[in-house]
$ cat start-v4.pdb   # PDB, C-alpha atoms
ATOM      1  CA  MET A  15       0.000   0.000   0.000
ATOM      2  CA  ILE A  16       2.899   2.363   0.768
ATOM      3  CA  LYS A  17       4.379   1.757  -2.698
ATOM      4  CA  LEU A  18       1.036   2.634  -4.292
ATOM      5  CA  LEU A  19       0.815   5.843  -2.245
ATOM      6  CA  LYS A  20       4.365   6.824  -3.225
ATOM      7  CA  PHE A  21       3.574   5.948  -6.843
ATOM      8  CA  LEU A  22       0.529   8.227  -6.731
ATOM      9  CA  ILE A  23       2.583  11.102  -5.256
ATOM     10  CA  VAL A  24       5.210  10.685  -7.975
ATOM     11  CA  GLY A  25       2.380  10.438 -10.477
ATOM     12  CA  GLY A  26       0.977  13.727  -9.213
ATOM     13  CA  ILE A  27       4.340  15.418  -9.747
ATOM     14  CA  ASN A  28       4.645  13.829 -13.197
ATOM     15  CA  THR A  29       1.119  14.924 -14.044
ATOM     16  CA  LEU A  30       1.941  18.519 -13.134
ATOM     17  CA  ILE A  31       5.059  18.380 -15.320
ATOM     18  CA  SER A  32       3.122  16.793 -18.196
ATOM     19  CA  LEU A  33       0.239  19.259 -17.958
ATOM     20  CA  LEU A  34       2.567  22.246 -17.762
ATOM     21  CA  VAL A  35       4.494  21.159 -20.867
ATOM     22  CA  PHE A  36       1.202  20.329 -22.638
ATOM     23  CA  TYR A  37      -0.319  23.700 -21.744
ATOM     24  CA  ILE A  38       2.708  25.680 -22.883
ATOM     25  CA  LEU A  39       2.995  23.804 -26.176
ATOM     26  CA  ASN A  40      -0.717  23.475 -27.009
ATOM     27  CA  LYS A  41      -2.346  26.573 -25.531
ATOM     28  CA  ILE A  42       0.458  29.127 -25.751
ATOM     29  CA  LEU A  43       2.502  27.947 -28.756
ATOM     30  CA  ALA A  44      -0.464  26.343 -30.619
ATOM     31  CA  VAL A  45       1.307  23.024 -31.199
ATOM     32  CA  ASN A  46      -0.942  20.094 -32.235
ATOM     33  CA  TYR A  47      -2.450  18.299 -29.233
ATOM     34  CA  PHE A  48      -0.921  14.912 -30.166
ATOM     35  CA  ILE A  49       2.591  16.381 -30.267
ATOM     36  CA  SER A  50       1.991  18.470 -27.135
ATOM     37  CA  SER A  51       0.651  15.460 -25.268
ATOM     38  CA  ALA A  52       3.554  13.233 -26.312
ATOM     39  CA  CYS A  53       6.151  15.864 -25.344
ATOM     40  CA  GLY A  54       4.523  16.451 -21.957
ATOM     41  CA  TYR A  55       4.224  12.730 -21.344
ATOM     42  CA  ILE A  56       7.892  12.120 -22.175
ATOM     43  CA  CYS A  57       9.026  14.882 -19.803
ATOM     44  CA  GLY A  58       6.929  13.363 -17.032
ATOM     45  CA  MET A  59       8.257   9.904 -17.898
ATOM     46  CA  PHE A  60      11.895  10.847 -17.285
ATOM     47  CA  ASN A  61      10.976  12.366 -13.930
ATOM     48  CA  SER A  62       8.877   9.289 -13.149
ATOM     49  CA  TYR A  63      11.721   6.867 -13.826
ATOM     50  CA  ILE A  64      14.103   8.663 -11.498
ATOM     51  CA  LEU A  65      11.655   9.179  -8.622
ATOM     52  CA  ASN A  66      10.069   5.726  -8.873
ATOM     53  CA  LYS A  67      13.428   3.969  -9.073
ATOM     54  CA  LYS A  68      14.949   5.795  -6.115
ATOM     55  CA  TRP A  69      11.968   6.532  -3.872
ATOM     56  CA  THR A  70       8.815   4.565  -4.701
ATOM     57  CA  PHE A  71      10.299   1.141  -5.361
ATOM     58  CA  GLU A  72      13.718   1.783  -3.714
ATOM     59  CA  ASP A  73      15.245  -0.158  -6.554
ATOM     60  CA  SER A  74      18.980  -0.917  -6.535
ATOM     61  CA  ASP A  75      19.214  -2.716  -9.897
ATOM     62  CA  ASN A  76      22.302  -1.331 -11.631
ATOM     63  CA  ASN A  77      21.235  -2.541 -15.079
ATOM     64  CA  ILE A  78      19.766   0.893 -15.775
ATOM     65  CA  LEU A  79      19.699   0.700 -19.592
ATOM     66  CA  SER A  80      17.743  -2.553 -19.687
ATOM     67  CA  GLN A  81      15.444  -1.351 -16.943
ATOM     68  CA  PHE A  82      14.835   2.016 -18.621
ATOM     69  CA  ILE A  83      13.997   0.292 -21.917
ATOM     70  CA  LYS A  84      11.324  -1.752 -20.105
ATOM     71  CA  PHE A  85      10.104   1.392 -18.350
ATOM     72  CA  ALA A  86       9.945   3.301 -21.634
ATOM     73  CA  ALA A  87       8.032   0.419 -23.267
ATOM     74  CA  ILE A  88       5.450   0.386 -20.444
ATOM     75  CA  ASN A  89       5.155   4.150 -20.712
ATOM     76  CA  GLY A  90       4.844   3.882 -24.486
ATOM     77  CA  ILE A  91       1.769   1.702 -24.000
ATOM     78  CA  SER A  92       0.388   4.185 -21.481
ATOM     79  CA  LEU A  93       1.090   7.026 -23.910
ATOM     80  CA  LEU A  94      -0.876   5.206 -26.624
ATOM     81  CA  ILE A  95      -3.777   4.840 -24.188
ATOM     82  CA  ASN A  96      -3.463   8.546 -23.415
ATOM     83  CA  LEU A  97      -3.410   9.580 -27.086
ATOM     84  CA  PHE A  98      -6.367   7.337 -27.941
ATOM     85  CA  ALA A  99      -8.348   8.881 -25.086
ATOM     86  CA  MET A 100      -7.335  12.355 -26.321
ATOM     87  CA  TYR A 101      -8.560  11.531 -29.813
ATOM     88  CA  ILE A 102     -11.942  10.320 -28.531
ATOM     89  CA  LEU A 103     -12.385  13.215 -26.113
ATOM     90  CA  ILE A 104     -11.328  15.976 -28.506
ATOM     91  CA  ASP A 105     -12.256  14.780 -31.988
ATOM     92  CA  LYS A 106     -15.393  12.799 -31.137
ATOM     93  CA  LEU A 107     -16.757  14.411 -27.962
ATOM     94  CA  TYR A 108     -15.435  17.947 -28.651
ATOM     95  CA  ILE A 109     -13.954  18.472 -25.195
ATOM     96  CA  ASP A 110     -11.333  21.203 -24.723
ATOM     97  CA  SER A 111      -7.838  19.808 -25.229
ATOM     98  CA  PHE A 112      -6.562  20.745 -21.767
ATOM     99  CA  ILE A 113      -9.569  19.196 -20.010
ATOM    100  CA  ALA A 114      -9.213  16.141 -22.262
ATOM    101  CA  GLN A 115      -5.550  15.823 -21.270
ATOM    102  CA  ILE A 116      -6.512  15.721 -17.609
ATOM    103  CA  PHE A 117      -9.045  12.919 -18.225
ATOM    104  CA  ALA A 118      -6.693  11.022 -20.553
ATOM    105  CA  THR A 119      -4.017  11.008 -17.855
ATOM    106  CA  VAL A 120      -6.404   9.186 -15.520
ATOM    107  CA  PHE A 121      -6.957   6.465 -18.153
ATOM    108  CA  SER A 122      -3.263   5.724 -18.521
ATOM    109  CA  THR A 123      -2.257   5.715 -14.839
ATOM    110  CA  ALA A 124      -3.385   2.180 -13.945
ATOM    111  CA  SER A 125      -1.496   0.480 -16.762
ATOM    112  CA  ASN A 126       1.580   2.472 -15.850
ATOM    113  CA  TYR A 127       1.533   1.385 -12.184
ATOM    114  CA  ILE A 128       0.949  -2.275 -12.947
ATOM    115  CA  GLY A 129       3.655  -2.369 -15.606
ATOM    116  CA  SER A 130       6.159  -0.526 -13.428
ATOM    117  CA  ARG A 131       5.487  -2.658 -10.363
ATOM    118  CA  VAL A 132       5.384  -6.040 -12.094
ATOM    119  CA  LEU A 133       7.815  -5.706 -14.994
ATOM    120  CA  VAL A 134      10.270  -2.894 -14.306
ATOM    121  CA  PHE A 135      10.943  -2.437 -10.588
ATOM    122  CA  LYS A 136      10.302  -5.985  -9.414
ATOM    123  CA  LYS A 137      12.450  -7.231  -6.590
ATOM    124  CA  LEU A 138      14.183 -10.505  -7.272
ATOM    125  CA  LYS A 139      13.153 -13.143  -4.770
ATOM    126  CA  ILE A 140      16.019 -15.169  -3.400
ATOM    127  CA  GLU A 141      15.032 -18.671  -2.425
ATOM    128  CA  SER A 142      16.576 -20.221   0.672
TER     129      SER A 142
END

$ encode --input "start-v4.pdb" --output "C-alpha cells"
Amino acid sequence: MIKLLKFLIVGGINTLISLLVFYILNKILAVNYFISSACGYICGMFNSYILNKKWTFEDSDNNILSQFIKFAAINGISLLINLFAMYILIDKLYIDSFIAQIFATVFSTASNYIGSRVLVFKKLKIES
C-alpha cells in the first residue's frame, strides 16, 4: 500500500510536469495536441523513472539501460492509451484539449503502475 501511495505522489508530480508542458505547447505555442501530449508525457516519464526507481520502489538494480527500456516500453503503452483517449475526447466528444488531457491522464495511470510494479521495478526473490 505504501508503494502505491508513493507511486501516486510521484504520479501527481509527473502529471503537473506533463500538464505544464502540454499547456505551454498546445495553448500558448499552438502546437498540435498529439505532439503536445507526447512531449509532456515524455518529460513526465523521465521524472517518473528517477523518482520511482529511487523513492517509490527503492530499486537498486544497476542494469539501468535494460530497466529504462522496459520502463519506456510500459510508458509507451500508457502514452498510446493517453493519445487514444485524447482523440476520442477531442475529436469525437469535442472536449477542450486541456480538459481532455486531464481525463486522458487518468486512463493511462493504472497500466503504468501495474507495468512498473510487475515488470520494471520488481524485486528478485532469493530462495533459501

$ resolve_selection --input "start-v4.pdb" --expression "the PyMOL selection byres ((chain A and resi 54-61) around 12)" --output "ChimeraX atom specification"
/A:24-40,45,47-53,62-69,82-83,85-97,112,115-116,118-119,122-123,126,130

$ atom_distance --input "start-v4.pdb" --atom1 "atom CA of A:Lys84" --atom2 "atom CA of A:Ser111"
29.3 Å

$ resolve_selection --input "start-v4.pdb" --expression "the PyMOL selection byres ((chain A and resi 74-77) around 10)" --output "PyMOL selection string"
chain A and resi 67-68+71-73+78-82+134-138

$ atom_distance --input "start-v4.pdb" --atom1 "atom CA of A:Ala124" --atom2 "atom CA of A:Ile16"
16.0 Å

$ axis_aligned_box --input "start-v4.pdb" --around "stretch 27-44 of chain A" --padding-each-side "3 Å" --output "lines of an AutoDock Vina configuration file"
center_x = 1.4
center_y = 21.5
center_z = -20.2
size_x = 13.4
size_y = 21.3
size_z = 26.9
